[in-house]
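Comments concern the structure below.
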Amino acid sequence: MFKRFVAMQTRRPVATCLVTGASVMSIGDSAVQLCGSGTLDVERNVVVSAYNAGSAPFFYFWWQTLDGMFPGKGWAAVARKTLVNQATMAPFNSALFLTWSTALEPWIKTIRKKGKDDPKMSNIWEKVKSKVQSEIPELVVSQCGYWLPANAVNFMFMPQHLRVVFMSTCAVIWGGYISYVVHR
């Protein structure tokens, strides 16, 4: 199965990243939901999984860009890639995920209820603003503790075609955590 995944990642990197990203986030979010409340909110799971599906191909190409900027797998190159990735992507990705999840979930739930209790845009954006302001500092610190070592291992030891699967494996845990933060 692993060989099939690697072959697919090589032949169709974007499609494989989409599916891998969605699957990983779905697993992480489902675990958090089932361990927490014992029930699964499908709309929530679809929203967070869609975000990860959309962002996974971006990271696939972003890591290739970093490899071009800082070639090699030595300590200096790995440190540069890891720090640039963390400094540029961590705050942006967290803010975007929080915004996406906080804004989109009420809309999805409204569509399912066929427009009943239609949330007001001003209420949604106030909630987004509050969530981003209150959660980003903690998330950025948490990301440093989790993703700096994961990215260092990724850049130092993983060949390019296995980076998405390795980071996706790491993302199962992170996906569960960030989904918990968004929904607490």
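Naming works like this for the structure tokens: A, B, ... for the chains as they're shown, residue 1 at the start of each chain, ligands 1 onward in shown order.
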
Might you pull out every residue within 9 Å of Phe59 in chain A, with only C-alpha atoms counted and same-chain residues fewer than 4 positions away left off, and present them as a PyMOL selection string?
chain A and resi 17+55+63-64+164

Rank nothing, just name the residue among A:Ile108, A:Gly38, A:Val165, A:Gln86 nearest to Val19 in chain A, using only C-alpha atoms.
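Distance minimum relative to Val19 in chain A lands on A:Val165.
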
Of the listed residues A:His183, A:Arg4, A:Arg80, A:Lys127, that which approaches Met156 in chain A most closely, counting only C-alpha atoms
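Among A:His183, A:Arg4, A:Arg80, A:Lys127, it is A:Arg80 that comes nearest to Met156 in chain A.
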
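Reported to one decimal place, the separation of CA of Val47 in chain A from CA of Trp100 in chain A is 7.9 Å.
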
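Using only C-alpha atoms, the smallest distance between any of A:Asn123, A:Leu98, A:Met167, A:Asn154 and Leu139 in chain A comes from A:Leu98.
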
For Ala7 in chain A, which residue among A:Ser179, A:Ala31, A:His161, A:Pro71 is the nearest when counting only C-alpha atoms?
A:His161

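Nearest to Val32 in chain A of all the residues A:Val182, A:Tyr177, A:Leu148, A:Gln160 is A:Tyr177, based on only C-alpha atoms.
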
Pull the closest atom pair for each residue of range 66-93 of chain A that gets at most 12 Å from range 140-145 of chain A, along with the distance in Å to one decimal, counting only C-alpha atoms, ordering rows by chain and then ascending residue number, as JSON lines.
{"residue": "A:Thr82", "atom": "CA", "partner": "A:Cys144", "partner_atom": "CA", "distance": 10.1}
{"residue": "A:Leu83", "atom": "CA", "partner": "A:Cys144", "partner_atom": "CA", "distance": 9.5}
{"residue": "A:Val84", "atom": "CA", "partner": "A:Cys144", "partner_atom": "CA", "distance": 11.9}
{"residue": "A:Asn85", "atom": "CA", "partner": "A:Cys144", "partner_atom": "CA", "distance": 10.6}
{"residue": "A:Gln86", "atom": "CA", "partner": "A:Cys144", "partner_atom": "CA", "distance": 7.1}
{"residue": "A:Ala87", "atom": "CA", "partner": "A:Cys144", "partner_atom": "CA", "distance": 9.2}
{"residue": "A:Thr88", "atom": "CA", "partner": "A:Val140", "partner_atom": "CA", "distance": 11.0}
{"residue": "A:Met89", "atom": "CA", "partner": "A:Val140", "partner_atom": "CA", "distance": 9.9}
{"residue": "A:Ala90", "atom": "CA", "partner": "A:Val140", "partner_atom": "CA", "distance": 6.2}
{"residue": "A:Pro91", "atom": "CA", "partner": "A:Val140", "partner_atom": "CA", "distance": 5.9}
{"residue": "A:Phe92", "atom": "CA", "partner": "A:Val140", "partner_atom": "CA", "distance": 9.5}
{"residue": "A:Asn93", "atom": "CA", "partner": "A:Val140", "partner_atom": "CA", "distance": 9.7}

Hey, what's within 10 Å of Thr20 in chain A if we count only C-alpha atoms and toss same-chain stuff fewer than 6 positions away? As a short mmCIF file (atom, residue, chain, number, x, y, z; two decimals) with all heavy atoms, in the first residue's frame, please?
data_model
loop_
_atom_site.label_atom_id
_atom_site.label_comp_id
_atom_site.auth_asym_id
_atom_site.auth_seq_id
_atom_site.Cartn_x
_atom_site.Cartn_y
_atom_site.Cartn_z
N PHE A 5 1.04 4.39 -2.67
CA PHE A 5 0.94 5.80 -2.28
C PHE A 5 2.10 6.60 -2.88
O PHE A 5 1.90 7.67 -3.45
CB PHE A 5 0.93 5.97 -0.76
CG PHE A 5 0.90 7.41 -0.35
CD1 PHE A 5 -0.30 8.10 -0.29
CD2 PHE A 5 2.07 8.10 -0.06
CE1 PHE A 5 -0.34 9.44 0.06
CE2 PHE A 5 2.05 9.43 0.28
CZ PHE A 5 0.84 10.11 0.34
N GLN A 9 1.82 9.61 -5.43
CA GLN A 9 2.38 10.92 -5.06
C GLN A 9 3.31 11.42 -6.15
O GLN A 9 3.34 12.60 -6.46
CB GLN A 9 3.12 10.81 -3.72
CG GLN A 9 3.76 12.09 -3.26
CD GLN A 9 2.75 13.12 -2.81
OE1 GLN A 9 1.80 12.80 -2.13
NE2 GLN A 9 2.96 14.36 -3.19
N VAL A 14 -0.61 16.74 -6.79
CA VAL A 14 -1.66 17.64 -6.29
C VAL A 14 -2.87 16.84 -5.81
O VAL A 14 -3.37 17.06 -4.71
CB VAL A 14 -2.06 18.68 -7.36
CG1 VAL A 14 -3.27 19.48 -6.91
CG2 VAL A 14 -0.89 19.61 -7.65
N SER A 26 -9.52 14.85 8.71
CA SER A 26 -10.74 14.16 9.09
C SER A 26 -10.49 13.18 10.23
O SER A 26 -11.27 13.11 11.19
CB SER A 26 -11.33 13.42 7.88
OG SER A 26 -12.52 12.77 8.24
N SER A 49 -11.69 19.47 7.18
CA SER A 49 -11.02 18.60 6.22
C SER A 49 -10.84 19.30 4.87
O SER A 49 -9.82 19.14 4.21
CB SER A 49 -11.80 17.30 6.04
OG SER A 49 -11.86 16.61 7.27
N ASN A 52 -7.82 21.60 5.04
CA ASN A 52 -6.55 20.89 4.96
C ASN A 52 -6.32 20.33 3.55
O ASN A 52 -5.19 20.32 3.07
CB ASN A 52 -6.50 19.78 6.00
CG ASN A 52 -5.11 19.60 6.56
OD1 ASN A 52 -4.45 20.58 6.87
ND2 ASN A 52 -4.69 18.37 6.69
N ALA A 53 -7.39 19.90 2.89
CA ALA A 53 -7.26 19.42 1.51
C ALA A 53 -6.74 20.54 0.61
O ALA A 53 -5.87 20.32 -0.22
CB ALA A 53 -8.60 18.91 1.00
N ALA A 56 -2.87 21.47 1.60
CA ALA A 56 -1.82 20.46 1.43
C ALA A 56 -1.02 20.61 0.13
O ALA A 56 0.21 20.56 0.16
CB ALA A 56 -2.42 19.06 1.55
N PRO A 57 -1.67 20.82 -1.03
CA PRO A 57 -0.87 21.02 -2.25
C PRO A 57 0.03 22.26 -2.17
O PRO A 57 1.15 22.26 -2.68
CB PRO A 57 -1.91 21.18 -3.35
CG PRO A 57 -3.11 20.48 -2.83
CD PRO A 57 -3.09 20.73 -1.34
N VAL A 164 4.92 14.90 2.11
CA VAL A 164 3.50 15.10 2.41
C VAL A 164 2.99 13.98 3.31
O VAL A 164 2.27 14.24 4.28
CB VAL A 164 2.67 15.23 1.12
CG1 VAL A 164 1.19 15.16 1.42
CG2 VAL A 164 2.99 16.55 0.43
N VAL A 165 3.37 12.75 3.04
CA VAL A 165 2.88 11.65 3.87
C VAL A 165 3.46 11.74 5.29
O VAL A 165 2.76 11.51 6.26
CB VAL A 165 3.11 10.27 3.23
CG1 VAL A 165 4.56 9.85 3.26
CG2 VAL A 165 2.25 9.22 3.90
N SER A 168 1.82 14.72 6.91
CA SER A 168 0.40 14.39 7.12
C SER A 168 0.23 13.49 8.34
O SER A 168 -0.73 13.62 9.09
CB SER A 168 -0.18 13.74 5.88
OG SER A 168 -0.27 14.68 4.84
N THR A 169 1.17 12.59 8.52
CA THR A 169 1.13 11.75 9.71
C THR A 169 1.27 12.60 10.96
O THR A 169 0.53 12.44 11.93
CB THR A 169 2.25 10.68 9.64
OG1 THR A 169 2.08 9.93 8.44
CG2 THR A 169 2.21 9.77 10.84
#

Looking at A:Val48, A:Trp62, A:Pro137, A:Tyr180, which one is nearest to Cys35 in chain A, with distances taken over only C-alpha atoms?
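Smallest distance to Cys35 in chain A is found for A:Tyr180.
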
From the DSSP assignment of the backbone, select every residue of range 12-118 of chain A that is helix (DSSP H, G or I), and format the answer as an MDAnalysis selection string.
chainID A and resid 13:36 42:69 75:112
